[in-house]
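The next block is entry-v7.tsv, given as TSV, C-alpha atoms.
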```tsv
chain	number	residue	atom	x	y	z
A	9	MET	CA	20.37	-5.58	-19.95
A	10	SER	CA	23.68	-5.26	-21.83
A	11	ASP	CA	24.69	-7.36	-24.82
A	12	ALA	CA	27.55	-8.72	-22.73
A	13	SER	CA	25.10	-10.40	-20.38
A	14	ILE	CA	23.27	-12.00	-23.31
A	15	THR	CA	26.36	-13.25	-25.03
A	16	GLY	CA	28.55	-13.84	-21.99
A	17	PRO	CA	29.70	-17.18	-20.61
A	18	GLU	CA	26.61	-17.59	-18.40
A	19	PHE	CA	24.56	-17.75	-21.58
A	20	ALA	CA	26.13	-20.99	-22.77
A	21	GLY	CA	23.63	-23.65	-21.90
A	22	LYS	CA	23.17	-23.11	-18.15
A	23	GLY	CA	19.77	-23.35	-16.49
A	24	TYR	CA	17.73	-20.18	-16.40
A	25	GLU	CA	14.93	-21.37	-14.14
A	26	ASN	CA	15.78	-18.52	-11.75
A	27	GLU	CA	15.63	-15.79	-14.35
A	28	ALA	CA	13.22	-13.01	-13.48
A	29	GLN	CA	9.97	-12.95	-15.38
A	30	PHE	CA	7.58	-10.04	-15.70
A	31	GLY	CA	5.61	-11.32	-12.70
A	32	ASP	CA	8.70	-11.11	-10.50
A	33	TYR	CA	9.08	-7.40	-11.21
A	34	PHE	CA	5.36	-6.97	-10.57
A	35	ALA	CA	5.78	-8.84	-7.25
A	36	LEU	CA	8.34	-6.19	-6.21
A	37	LEU	CA	5.43	-3.74	-6.14
A	38	LYS	CA	3.68	-5.70	-3.34
A	39	PRO	CA	0.40	-6.07	-5.26
A	40	ARG	CA	-1.63	-7.13	-2.22
A	41	VAL	CA	-0.66	-3.98	-0.33
A	42	MET	CA	-1.40	-2.06	-3.53
A	43	THR	CA	-5.06	-3.14	-3.43
A	44	LEU	CA	-5.42	-1.36	-0.09
A	45	VAL	CA	-3.67	1.72	-1.48
A	46	VAL	CA	-5.86	1.75	-4.60
A	47	PHE	CA	-9.11	1.30	-2.71
A	48	THR	CA	-8.48	3.87	0.04
A	49	ALA	CA	-7.09	6.41	-2.45
A	50	ALA	CA	-10.13	5.90	-4.69
A	51	VAL	CA	-12.48	6.45	-1.74
A	52	GLY	CA	-10.60	9.64	-0.81
A	53	LEU	CA	-10.89	10.87	-4.38
A	54	LEU	CA	-14.53	9.93	-4.90
A	55	ALA	CA	-15.68	11.16	-1.47
A	56	ALA	CA	-14.22	14.63	-2.11
A	57	PRO	CA	-16.74	17.37	-2.90
A	58	VAL	CA	-15.03	18.24	-6.21
A	59	ALA	CA	-15.77	16.20	-9.35
A	60	VAL	CA	-12.77	14.87	-11.25
A	61	HIS	CA	-12.87	13.76	-14.90
A	62	PRO	CA	-13.18	9.93	-14.82
A	63	PHE	CA	-10.07	9.38	-16.96
A	64	VAL	CA	-7.99	11.79	-14.87
A	65	ALA	CA	-9.26	10.03	-11.72
A	66	PHE	CA	-8.30	6.64	-13.18
A	67	CYS	CA	-4.81	7.87	-14.07
A	68	ALA	CA	-4.35	9.53	-10.67
A	69	ILE	CA	-5.26	6.31	-8.85
A	70	LEU	CA	-2.93	4.38	-11.16
A	71	PHE	CA	-0.03	6.74	-10.42
A	72	ILE	CA	-0.72	6.58	-6.68
A	73	ALA	CA	-0.70	2.77	-6.95
A	74	VAL	CA	2.60	2.86	-8.86
A	75	GLY	CA	4.06	5.17	-6.20
A	76	GLY	CA	2.92	2.77	-3.48
A	77	GLY	CA	4.41	-0.12	-5.45
A	78	ALA	CA	7.68	1.75	-5.91
A	79	SER	CA	7.99	2.21	-2.16
A	80	GLY	CA	7.34	-1.54	-1.82
A	81	ALA	CA	10.24	-2.27	-4.20
A	82	LEU	CA	12.54	0.07	-2.23
A	83	ASN	CA	11.41	-1.63	0.98
A	84	MET	CA	12.39	-5.02	-0.51
A	85	TRP	CA	15.74	-3.58	-1.62
A	86	TRP	CA	16.59	-2.39	1.90
A	87	ASP	CA	15.08	-5.36	3.77
A	88	ALA	CA	16.44	-8.16	1.56
A	89	ASP	CA	18.41	-9.59	4.50
A	90	ILE	CA	15.33	-9.70	6.72
A	91	ASP	CA	13.10	-11.09	3.97
A	92	ALA	CA	15.54	-13.97	3.40
A	93	VAL	CA	15.10	-15.34	6.93
A	94	MET	CA	11.35	-14.82	7.37
A	95	THR	CA	9.02	-17.61	6.25
A	96	ARG	CA	6.40	-15.10	5.13
A	97	THR	CA	8.82	-13.20	2.86
A	98	LYS	CA	11.55	-15.59	1.77
A	99	ARG	CA	9.85	-16.29	-1.57
A	100	ARG	CA	9.94	-12.60	-2.54
A	101	PRO	CA	11.89	-11.89	-5.75
A	102	ILE	CA	15.17	-10.78	-4.13
A	103	PRO	CA	15.62	-13.58	-1.54
A	104	ALA	CA	14.39	-16.07	-4.18
A	105	GLY	CA	17.30	-14.96	-6.38
A	106	LYS	CA	15.08	-13.76	-9.22
A	107	VAL	CA	15.92	-10.06	-8.98
A	108	THR	CA	19.09	-8.47	-7.64
A	109	ARG	CA	19.05	-5.78	-4.95
A	110	ASP	CA	20.48	-3.23	-7.40
A	111	GLU	CA	17.74	-3.98	-9.90
A	112	ALA	CA	15.09	-3.50	-7.18
A	113	LEU	CA	16.71	-0.19	-6.17
A	114	GLY	CA	16.75	1.11	-9.73
A	115	PHE	CA	13.23	-0.13	-10.36
A	116	GLY	CA	11.92	1.47	-7.17
A	117	LEU	CA	13.66	4.82	-7.71
A	118	ALA	CA	12.59	5.04	-11.35
A	119	LEU	CA	8.95	4.26	-10.56
A	120	SER	CA	8.98	6.67	-7.59
A	121	GLY	CA	10.09	9.55	-9.81
A	122	PHE	CA	7.72	8.49	-12.57
A	123	SER	CA	4.67	8.25	-10.30
A	124	VAL	CA	5.25	11.60	-8.58
A	125	VAL	CA	5.90	13.52	-11.80
A	126	PHE	CA	2.95	12.01	-13.64
A	127	LEU	CA	0.57	12.46	-10.69
A	128	GLY	CA	1.59	16.12	-10.67
A	129	LEU	CA	1.01	16.47	-14.40
A	130	ALA	CA	-2.29	14.56	-14.31
A	131	SER	CA	-3.77	16.28	-11.25
A	132	ASN	CA	-1.91	18.84	-9.13
A	133	TRP	CA	1.48	19.28	-7.48
A	134	PHE	CA	0.11	19.25	-3.94
A	135	ALA	CA	-1.12	15.67	-4.42
A	136	ALA	CA	2.20	14.79	-6.08
A	137	GLY	CA	4.12	16.28	-3.14
A	138	LEU	CA	2.00	14.25	-0.73
A	139	LEU	CA	2.77	11.09	-2.72
A	140	ALA	CA	6.50	11.93	-2.67
A	141	PHE	CA	6.33	12.45	1.09
A	142	THR	CA	4.50	9.12	1.52
A	143	ILE	CA	7.21	7.26	-0.42
A	144	PHE	CA	9.90	9.05	1.63
A	145	PHE	CA	8.09	8.26	4.89
A	146	TYR	CA	7.68	4.57	4.07
A	147	VAL	CA	11.18	4.02	2.74
A	148	VAL	CA	13.33	6.29	4.89
A	149	ILE	CA	11.39	6.87	8.11
A	150	TYR	CA	9.79	3.42	8.43
A	151	THR	CA	11.96	0.95	6.51
A	152	MET	CA	15.43	2.42	7.08
A	153	TRP	CA	14.98	3.96	10.50
A	154	LEU	CA	12.05	2.80	12.65
A	155	LYS	CA	11.68	-0.83	11.60
A	156	ARG	CA	14.97	-2.05	13.06
A	157	TRP	CA	15.11	0.44	15.92
A	158	THR	CA	11.91	0.55	17.94
A	159	PRO	CA	8.94	-1.71	18.76
A	160	GLN	CA	6.79	1.33	17.95
A	161	ASN	CA	7.88	0.82	14.31
A	162	ILE	CA	4.46	-0.06	12.95
A	163	VAL	CA	2.64	2.49	15.13
A	164	ILE	CA	4.53	5.43	13.62
A	165	GLY	CA	5.26	3.72	10.30
A	166	GLY	CA	1.55	3.04	9.88
A	167	ALA	CA	1.23	6.66	8.78
A	168	ALA	CA	2.74	5.70	5.42
A	169	GLY	CA	-0.16	3.36	4.68
A	170	ALA	CA	-2.65	5.94	5.91
A	171	PHE	CA	-1.73	8.68	3.42
A	172	PRO	CA	-3.38	7.29	0.22
A	173	PRO	CA	-6.93	8.53	1.02
A	174	MET	CA	-5.45	11.97	1.74
A	175	ILE	CA	-3.66	11.87	-1.62
A	176	GLY	CA	-6.89	10.85	-3.36
A	177	TRP	CA	-8.71	13.73	-1.67
A	178	ALA	CA	-5.89	16.12	-2.65
A	179	VAL	CA	-6.16	15.00	-6.29
A	180	ALA	CA	-9.76	16.25	-6.31
A	181	THR	CA	-9.51	19.32	-4.08
A	182	GLY	CA	-5.85	20.32	-4.24
A	183	GLY	CA	-5.64	20.36	-0.44
A	184	ILE	CA	-6.39	18.76	2.93
A	185	SER	CA	-9.61	18.84	4.95
A	186	VAL	CA	-11.05	17.42	8.18
A	187	ASP	CA	-12.59	14.53	6.21
A	188	SER	CA	-9.31	13.46	4.66
A	189	VAL	CA	-7.50	13.73	8.00
A	190	LEU	CA	-10.19	11.51	9.58
A	191	MET	CA	-9.67	8.90	6.86
A	192	PHE	CA	-5.94	9.08	7.58
A	193	CYS	CA	-6.60	8.59	11.32
A	194	LEU	CA	-8.81	5.56	10.70
A	195	THR	CA	-6.09	3.71	8.76
A	196	PHE	CA	-3.38	4.93	11.13
A	197	MET	CA	-5.17	3.53	14.21
A	198	TRP	CA	-6.09	0.32	12.39
A	199	THR	CA	-2.49	-0.59	11.47
A	200	PRO	CA	-1.06	-1.58	14.91
A	201	PRO	CA	-3.68	-4.20	15.88
A	202	HIS	CA	-3.61	-5.55	12.30
A	203	PHE	CA	0.18	-6.09	12.32
A	204	TRP	CA	0.46	-7.20	15.95
A	205	ALA	CA	-2.08	-9.97	15.28
A	206	LEU	CA	0.13	-11.05	12.36
A	207	ALA	CA	3.21	-10.93	14.58
A	208	LEU	CA	1.48	-13.19	17.12
A	209	PHE	CA	0.84	-16.03	14.70
A	210	MET	CA	4.01	-15.58	12.61
A	211	ARG	CA	5.75	-15.83	15.94
A	212	LYS	CA	9.21	-17.15	14.99
A	213	ASP	CA	9.66	-14.95	11.92
A	214	TYR	CA	10.43	-11.67	13.65
A	215	ASP	CA	12.58	-13.39	16.30
A	216	HIS	CA	14.80	-14.90	13.62
A	217	ALA	CA	14.99	-11.67	11.63
A	218	GLY	CA	15.93	-9.60	14.67
A	219	VAL	CA	13.18	-7.06	13.98
A	220	PRO	CA	12.20	-5.41	17.28
A	221	MET	CA	8.51	-6.17	17.01
A	222	LEU	CA	6.55	-5.77	20.23
A	223	THR	CA	6.27	-9.57	20.50
A	224	VAL	CA	10.07	-9.79	20.55
A	225	THR	CA	10.97	-6.83	22.78
A	226	HIS	CA	8.12	-6.80	25.30
A	227	GLY	CA	6.67	-10.30	25.00
A	228	ARG	CA	3.45	-11.76	23.73
A	229	ARG	CA	1.36	-10.86	26.81
A	230	VAL	CA	2.16	-7.16	26.38
A	231	THR	CA	1.36	-7.43	22.65
A	232	ARG	CA	-2.07	-8.88	23.48
A	233	ASN	CA	-2.68	-5.99	25.90
A	234	HIS	CA	-1.64	-3.49	23.23
A	235	ILE	CA	-3.97	-5.05	20.65
A	236	LEU	CA	-6.92	-4.67	23.01
A	237	VAL	CA	-6.11	-1.05	23.94
A	238	TYR	CA	-5.49	0.05	20.35
A	239	THR	CA	-8.65	-1.74	19.18
A	240	LEU	CA	-10.72	0.10	21.81
A	241	LEU	CA	-9.20	3.43	20.73
A	242	LEU	CA	-9.81	2.55	17.08
A	243	ALA	CA	-13.43	1.60	17.79
A	244	ALA	CA	-14.04	4.93	19.56
A	245	LEU	CA	-12.54	6.83	16.62
A	246	ALA	CA	-14.33	4.77	13.96
A	247	ILE	CA	-17.75	5.22	15.59
A	248	ALA	CA	-17.15	8.91	16.32
A	249	MET	CA	-16.39	9.38	12.63
A	250	ALA	CA	-20.02	8.48	11.89
A	251	PHE	CA	-21.05	11.87	13.33
A	252	THR	CA	-18.62	13.92	11.24
A	253	SER	CA	-19.03	15.17	7.68
A	254	ALA	CA	-17.53	11.90	6.36
A	255	GLY	CA	-20.10	9.72	8.14
A	256	GLY	CA	-23.83	9.11	8.21
A	257	PRO	CA	-26.38	6.40	9.00
A	258	VAL	CA	-24.93	3.84	6.56
A	259	TYR	CA	-21.43	4.36	7.92
A	260	LEU	CA	-22.71	4.21	11.51
A	261	SER	CA	-24.46	0.86	10.88
A	262	VAL	CA	-21.31	-0.65	9.34
A	263	ALA	CA	-19.10	0.80	12.07
A	264	LEU	CA	-21.28	-0.48	14.92
A	265	VAL	CA	-21.34	-4.06	13.60
A	266	LEU	CA	-17.68	-4.28	12.61
A	267	ASN	CA	-16.34	-2.55	15.70
A	268	ALA	CA	-18.38	-4.86	17.94
A	269	LEU	CA	-16.84	-7.83	16.11
A	270	PHE	CA	-13.37	-6.28	16.18
A	271	VAL	CA	-13.47	-5.48	19.91
A	272	LYS	CA	-14.79	-9.02	20.57
A	273	GLY	CA	-11.86	-10.41	18.53
A	274	ALA	CA	-9.34	-8.28	20.43
A	275	TYR	CA	-10.88	-9.34	23.75
A	276	ASP	CA	-10.60	-13.02	22.70
A	277	ILE	CA	-6.93	-12.50	21.83
A	278	TRP	CA	-6.33	-10.68	25.12
A	279	ARG	CA	-7.70	-13.47	27.34
A	280	ARG	CA	-5.93	-16.34	25.57
A	281	ASP	CA	-2.69	-17.84	26.74
A	282	GLU	CA	0.07	-19.34	24.66
A	283	GLU	CA	-0.72	-22.99	25.41
A	284	ILE	CA	-4.22	-22.69	23.97
A	285	CYS	CA	-2.84	-20.82	20.93
A	286	GLU	CA	-0.34	-23.59	20.22
A	287	VAL	CA	-3.10	-26.21	20.37
A	288	ASP	CA	-5.43	-24.47	17.90
A	289	ASN	CA	-2.61	-22.94	15.81
A	290	PHE	CA	-3.51	-19.34	16.69
A	291	ARG	CA	-7.06	-19.61	15.43
A	292	ALA	CA	-8.34	-16.45	17.14
A	293	GLU	CA	-5.31	-14.40	16.02
A	294	ARG	CA	-5.67	-15.54	12.39
A	295	LYS	CA	-9.40	-14.83	12.48
A	296	PHE	CA	-8.76	-11.34	13.89
A	297	PHE	CA	-6.18	-10.65	11.16
A	298	LYS	CA	-8.65	-11.64	8.41
A	299	LEU	CA	-11.39	-9.59	10.06
A	300	SER	CA	-9.06	-6.57	10.15
A	301	LEU	CA	-8.84	-6.63	6.34
A	302	LEU	CA	-12.63	-6.72	6.00
A	303	TYR	CA	-12.86	-4.04	8.69
A	304	LEU	CA	-10.88	-1.45	6.76
A	305	PHE	CA	-12.44	-2.20	3.36
A	306	ALA	CA	-15.95	-2.05	4.84
A	307	HIS	CA	-15.36	1.27	6.62
A	308	PHE	CA	-13.97	2.91	3.50
A	309	GLY	CA	-16.75	1.30	1.46
A	310	ALA	CA	-19.29	2.89	3.81
A	311	ILE	CA	-17.60	6.31	3.49
A	312	LEU	CA	-17.86	5.91	-0.29
A	313	ILE	CA	-21.56	4.98	-0.08
A	314	GLU	CA	-22.24	8.04	2.07
A	315	ALA	CA	-20.45	10.22	-0.50
A	316	VAL	CA	-22.41	8.69	-3.39
A	317	LEU	CA	-25.70	9.09	-1.50
A	318	SER	CA	-24.91	12.73	-0.76
A	319	GLY	CA	-24.81	13.26	-4.51
A	320	PHE	CA	-28.53	12.41	-4.48
A	321	GLY	CA	-29.16	14.52	-1.39
A	322	LEU	CA	-29.39	11.40	0.82
A	323	GLY	CA	-25.99	11.01	2.49
A	324	GLY	CA	-24.92	12.15	5.95
A	325	TRP	CA	-27.26	13.28	8.71
A	326	ALA	CA	-28.82	16.21	6.88
B	11	MET	CA	28.15	-14.32	-30.86
B	12	SER	CA	25.14	-13.21	-32.81
B	13	LEU	CA	21.55	-13.85	-31.86
B	14	ASN	CA	19.84	-16.16	-34.31
B	15	ARG	CA	16.27	-15.50	-35.22
B	16	GLN	CA	15.18	-18.60	-33.28
B	17	HIS	CA	17.60	-18.27	-30.42
B	18	GLU	CA	16.32	-19.76	-27.19
B	19	ILE	CA	16.46	-16.34	-25.50
B	20	HIS	CA	13.46	-15.35	-27.62
B	21	ASN	CA	11.39	-18.06	-25.97
B	22	ARG	CA	12.90	-17.60	-22.53
B	23	ARG	CA	12.26	-13.86	-22.43
B	24	PHE	CA	8.95	-13.95	-24.32
B	25	GLY	CA	6.78	-13.37	-21.23
B	26	ARG	CA	9.01	-10.60	-19.95
B	27	ASN	CA	9.15	-8.85	-23.30
B	28	LEU	CA	5.42	-9.21	-23.85
B	29	GLY	CA	4.70	-7.76	-20.40
B	30	LEU	CA	7.05	-4.84	-21.00
B	31	GLY	CA	5.56	-4.22	-24.44
B	32	LEU	CA	2.03	-4.18	-23.09
B	33	THR	CA	3.07	-1.87	-20.24
B	34	LEU	CA	4.66	0.58	-22.67
B	35	GLY	CA	1.59	0.39	-24.91
B	36	ALA	CA	-0.66	1.13	-21.94
B	37	PHE	CA	1.61	4.04	-20.97
B	38	ILE	CA	1.28	5.56	-24.44
B	39	ALA	CA	-2.51	5.13	-24.32
B	40	ILE	CA	-2.66	6.82	-20.90
B	41	ILE	CA	-0.55	9.79	-21.95
B	42	PHE	CA	-2.59	10.17	-25.14
B	43	GLY	CA	-5.85	9.96	-23.18
B	44	LEU	CA	-4.67	12.47	-20.58
B	45	THR	CA	-3.57	14.86	-23.32
B	46	VAL	CA	-6.96	14.62	-25.04
B	47	VAL	CA	-8.83	15.23	-21.76
B	48	LYS	CA	-6.65	18.15	-20.70
B	49	VAL	CA	-6.59	19.86	-24.06
B	50	SER	CA	-10.36	19.45	-24.59
B	51	ARG	CA	-11.00	20.89	-21.10
B	52	GLY	CA	-8.84	23.88	-21.97
B	53	ASP	CA	-6.31	23.26	-19.20
B	54	TYR	CA	-3.56	24.59	-21.42
B	55	GLU	CA	-5.33	27.61	-22.85
B	56	PRO	CA	-3.02	30.63	-22.53
B	57	THR	CA	-4.32	33.11	-19.96
B	58	ARG	CA	-4.98	36.49	-21.53
B	59	ALA	CA	-5.09	39.86	-19.89
B	60	PRO	CA	-8.61	41.34	-19.57
B	61	THR	CA	-9.55	43.90	-22.18
B	62	ALA	CA	-10.23	47.48	-21.17
B	63	THR	CA	-14.01	46.89	-21.39
B	64	GLU	CA	-13.82	43.73	-19.22
B	65	ALA	CA	-11.61	45.49	-16.70
B	66	SER	CA	-14.01	48.41	-16.39
B	67	GLN	CA	-16.91	46.02	-15.78
```

Starting from the coordinates I provided, produce the structure as structure tokens.
Amino acid sequence: MSDASITGPEFAGKGYENEAQFGDYFALLKPRVMTLVVFTAAVGLLAAPVAVHPFVAFCAILFIAVGGGASGALNMWWDADIDAVMTRTKRRPIPAGKVTRDEALGFGLALSGFSVVFLGLASNWFAAGLLAFTIFFYVVIYTMWLKRWTPQNIVIGGAAGAFPPMIGWAVATGGISVDSVLMFCLTFMWTPPHFWALALFMRKDYDHAGVPMLTVTHGRRVTRNHILVYTLLLAALAIAMAFTSAGGPVYLSVALVLNALFVKGAYDIWRRDEEICEVDNFRAERKFFKLSLLYLFAHFGAILIEAVLSGFGLGGWA
Amino acid sequence: MSLNRQHEIHNRRFGRNLGLGLTLGAFIAIIFGLTVVKVSRGDYEPTRAPTATEASQ
């Protein structure tokens, strides 16, 4: 900040209750999304068959998290107009008037460059390139292009959130393998039902913002059908993964229980009509959304357990 | 207008400055740690050409 802004006329006794604090800049990084990025990237890194020095692994995960956060800041910069009219997002730092759009842009670009360069220096340039591509995909392909253009926005855009385990794997191995692609596919297939459930119970938000979510363009009945179909496809993929090199008996047990619950949740959503939802305030949809968070963490947790067990000669089907 | 030692901006920006200071401190610690790990692992050892004896083996 320049001296002029400190000593300028706005400094003379006016209220500063809206001045950005450290937490507001941190909020630009979407910390809740970051937990997903950190966890899935850590599983990708730890499940890889190449050992990484613990401090290098810690730094790599940190840089991946910063890269994910930077893309969140750039998303808030571009979507400030949408965020201002949506109940769920109107308290974010830009619509709340704490941080300006230009500040968010500078913050996001600086952290993007920082995270990619330091991930490359800490691990390898393949992983850094994958992180750069992830940031590009989330900001340019999803945020700038798909989000306001097509109801398939979160289907294709979900790829951005699915890359972190591949980056973690690449940190350890320097490349891509079937296992890391399977972890990508799991997150990729999980994203649509997760977000469509959210769109069902945050029903007015996307209408007001003019975002072409499936609920807005094709209606809520079609969205319920899509949730069921995508959940069935996800369940087939998640259970099939148990019989690949990433899976094993522990993973299979977790996958069977959670996918049974998830399919049951999707079926409940599918057979409900809007009148019932209004009466119970979208109870089934909210429950499904919460379950979806547990679903992903538990699946990746199981992959991690299988990888740890294999270190003792116990993991997998061998 | 000069900033007095006890100017209200010092209190108003205390949290922000503290957060930034801690972040920069953590950044220095991370770079130092990474350097120690990489140097002690020999990541930056210059590669040397094999000697005639090594090449013949």

Sorted per-residue table, chain A near chain B, closest atoms and distance, 8 Å, all atoms listed in the file, as CSV:
```
residue,atom,partner,partner_atom,distance
A:Thr15,CA,B:Met11,CA,6.2
A:Gln29,CA,B:Arg26,CA,5.2
A:Phe30,CA,B:Arg26,CA,4.5
A:Phe63,CA,B:Leu44,CA,7.2
A:Val64,CA,B:Leu44,CA,6.6
A:Cys67,CA,B:Ile40,CA,7.2
A:Ala130,CA,B:Leu44,CA,7.0
```

*Could you jot down the atom CA of A:Ile175 to atom CA of A:Gly309 separation for me, Å, one decimal place?*
17.1 Å

*Hey, can you pull every residue with an atom no more than 9 Å from (-12.2, 0.8, 18.8), using all atoms listed in the file, and send it as a ChimeraX atom specification?*
/A:197-198,236-247,267-268,270-271

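The space separating atom CA of A:Val147 from atom CA of A:Ser188 comes to 22.6 Å.
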
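Between atom CA of A:Ala140 and atom CA of A:Asp110 the interatomic distance comes to 21.2 Å.
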
*How would you write as number ranges by chain the residues that get within 10 Å of (-22.0, 6.8, -0.6) in the file's frame, counting all atoms listed in the file?*
A: 51, 54-55, 254-256, 258-259, 308-320, 322-324

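For the set A:Val219, A:Leu37, A:Val124, A:Ala205, the residue with the smallest atom-to-atom gap to A:Phe141 is A:Val124, counting only C-alpha atoms.
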
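Every protein or nucleic acid residue with an atom no more than 9 Å from stretch 281-291 of chain A, counting all atoms listed in the file and leaving out same-chain residues fewer than 5 positions away, appears here: Leu208, Phe209, Arg228, Arg229 and Phe296 of chain A.
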
Restore N, CA, C and O atoms in stretch 44-59 of chain B and list the result as a PDB file, in the frame of the given file.
```
ATOM      1  N   LEU B  44      -4.786  11.303 -21.465  1.00  0.00           N
ATOM      2  CA  LEU B  44      -4.670  12.470 -20.580  1.00  0.00           C
ATOM      3  C   LEU B  44      -4.541  13.757 -21.391  1.00  0.00           C
ATOM      4  O   LEU B  44      -5.132  14.784 -21.059  1.00  0.00           O
ATOM      5  N   THR B  45      -3.758  13.679 -22.472  1.00  0.00           N
ATOM      6  CA  THR B  45      -3.570  14.860 -23.320  1.00  0.00           C
ATOM      7  C   THR B  45      -4.905  15.293 -23.931  1.00  0.00           C
ATOM      8  O   THR B  45      -5.250  16.479 -23.909  1.00  0.00           O
ATOM      9  N   VAL B  46      -5.654  14.309 -24.439  1.00  0.00           N
ATOM     10  CA  VAL B  46      -6.960  14.620 -25.040  1.00  0.00           C
ATOM     11  C   VAL B  46      -7.881  15.272 -24.007  1.00  0.00           C
ATOM     12  O   VAL B  46      -8.499  16.314 -24.269  1.00  0.00           O
ATOM     13  N   VAL B  47      -7.945  14.687 -22.806  1.00  0.00           N
ATOM     14  CA  VAL B  47      -8.830  15.230 -21.760  1.00  0.00           C
ATOM     15  C   VAL B  47      -8.405  16.639 -21.385  1.00  0.00           C
ATOM     16  O   VAL B  47      -9.232  17.562 -21.321  1.00  0.00           O
ATOM     17  N   LYS B  48      -7.118  16.836 -21.171  1.00  0.00           N
ATOM     18  CA  LYS B  48      -6.650  18.150 -20.700  1.00  0.00           C
ATOM     19  C   LYS B  48      -6.779  19.219 -21.767  1.00  0.00           C
ATOM     20  O   LYS B  48      -7.173  20.356 -21.461  1.00  0.00           O
ATOM     21  N   VAL B  49      -6.483  18.857 -22.991  1.00  0.00           N
ATOM     22  CA  VAL B  49      -6.590  19.860 -24.060  1.00  0.00           C
ATOM     23  C   VAL B  49      -8.070  20.205 -24.308  1.00  0.00           C
ATOM     24  O   VAL B  49      -8.440  21.365 -24.446  1.00  0.00           O
ATOM     25  N   SER B  50      -8.933  19.178 -24.313  1.00  0.00           N
ATOM     26  CA  SER B  50     -10.360  19.450 -24.590  1.00  0.00           C
ATOM     27  C   SER B  50     -11.018  20.219 -23.448  1.00  0.00           C
ATOM     28  O   SER B  50     -12.009  20.907 -23.642  1.00  0.00           O
ATOM     29  N   ARG B  51     -10.453  20.106 -22.228  1.00  0.00           N
ATOM     30  CA  ARG B  51     -11.000  20.890 -21.100  1.00  0.00           C
ATOM     31  C   ARG B  51     -10.442  22.302 -21.084  1.00  0.00           C
ATOM     32  O   ARG B  51     -10.870  23.140 -20.295  1.00  0.00           O
ATOM     33  N   GLY B  52      -9.436  22.543 -21.913  1.00  0.00           N
ATOM     34  CA  GLY B  52      -8.840  23.880 -21.970  1.00  0.00           C
ATOM     35  C   GLY B  52      -7.850  24.149 -20.856  1.00  0.00           C
ATOM     36  O   GLY B  52      -7.603  25.297 -20.504  1.00  0.00           O
ATOM     37  N   ASP B  53      -7.277  23.070 -20.283  1.00  0.00           N
ATOM     38  CA  ASP B  53      -6.310  23.260 -19.200  1.00  0.00           C
ATOM     39  C   ASP B  53      -5.082  24.045 -19.646  1.00  0.00           C
ATOM     40  O   ASP B  53      -4.415  24.673 -18.836  1.00  0.00           O
ATOM     41  N   TYR B  54      -4.777  23.955 -20.931  1.00  0.00           N
ATOM     42  CA  TYR B  54      -3.560  24.590 -21.420  1.00  0.00           C
ATOM     43  C   TYR B  54      -3.824  25.829 -22.276  1.00  0.00           C
ATOM     44  O   TYR B  54      -2.979  26.257 -23.029  1.00  0.00           O
ATOM     45  N   GLU B  55      -5.041  26.365 -22.151  1.00  0.00           N
ATOM     46  CA  GLU B  55      -5.330  27.610 -22.850  1.00  0.00           C
ATOM     47  C   GLU B  55      -4.462  28.714 -22.249  1.00  0.00           C
ATOM     48  O   GLU B  55      -4.376  28.833 -21.021  1.00  0.00           O
ATOM     49  N   PRO B  56      -3.822  29.540 -23.097  1.00  0.00           N
ATOM     50  CA  PRO B  56      -3.020  30.630 -22.530  1.00  0.00           C
ATOM     51  C   PRO B  56      -3.934  31.650 -21.834  1.00  0.00           C
ATOM     52  O   PRO B  56      -5.015  31.958 -22.341  1.00  0.00           O
ATOM     53  N   THR B  57      -3.509  32.100 -20.675  1.00  0.00           N
ATOM     54  CA  THR B  57      -4.320  33.110 -19.960  1.00  0.00           C
ATOM     55  C   THR B  57      -4.079  34.453 -20.630  1.00  0.00           C
ATOM     56  O   THR B  57      -2.949  34.829 -20.929  1.00  0.00           O
ATOM     57  N   ARG B  58      -5.154  35.198 -20.874  1.00  0.00           N
ATOM     58  CA  ARG B  58      -4.980  36.490 -21.530  1.00  0.00           C
ATOM     59  C   ARG B  58      -5.377  37.597 -20.560  1.00  0.00           C
ATOM     60  O   ARG B  58      -6.215  37.390 -19.671  1.00  0.00           O
ATOM     61  N   ALA B  59      -4.779  38.712 -20.746  1.00  0.00           N
ATOM     62  CA  ALA B  59      -5.090  39.860 -19.890  1.00  0.00           C
ATOM     63  C   ALA B  59      -6.485  40.369 -20.249  1.00  0.00           C
ATOM     64  O   ALA B  59      -6.897  40.306 -21.407  1.00  0.00           O
TER      65      ALA B  59
END
```
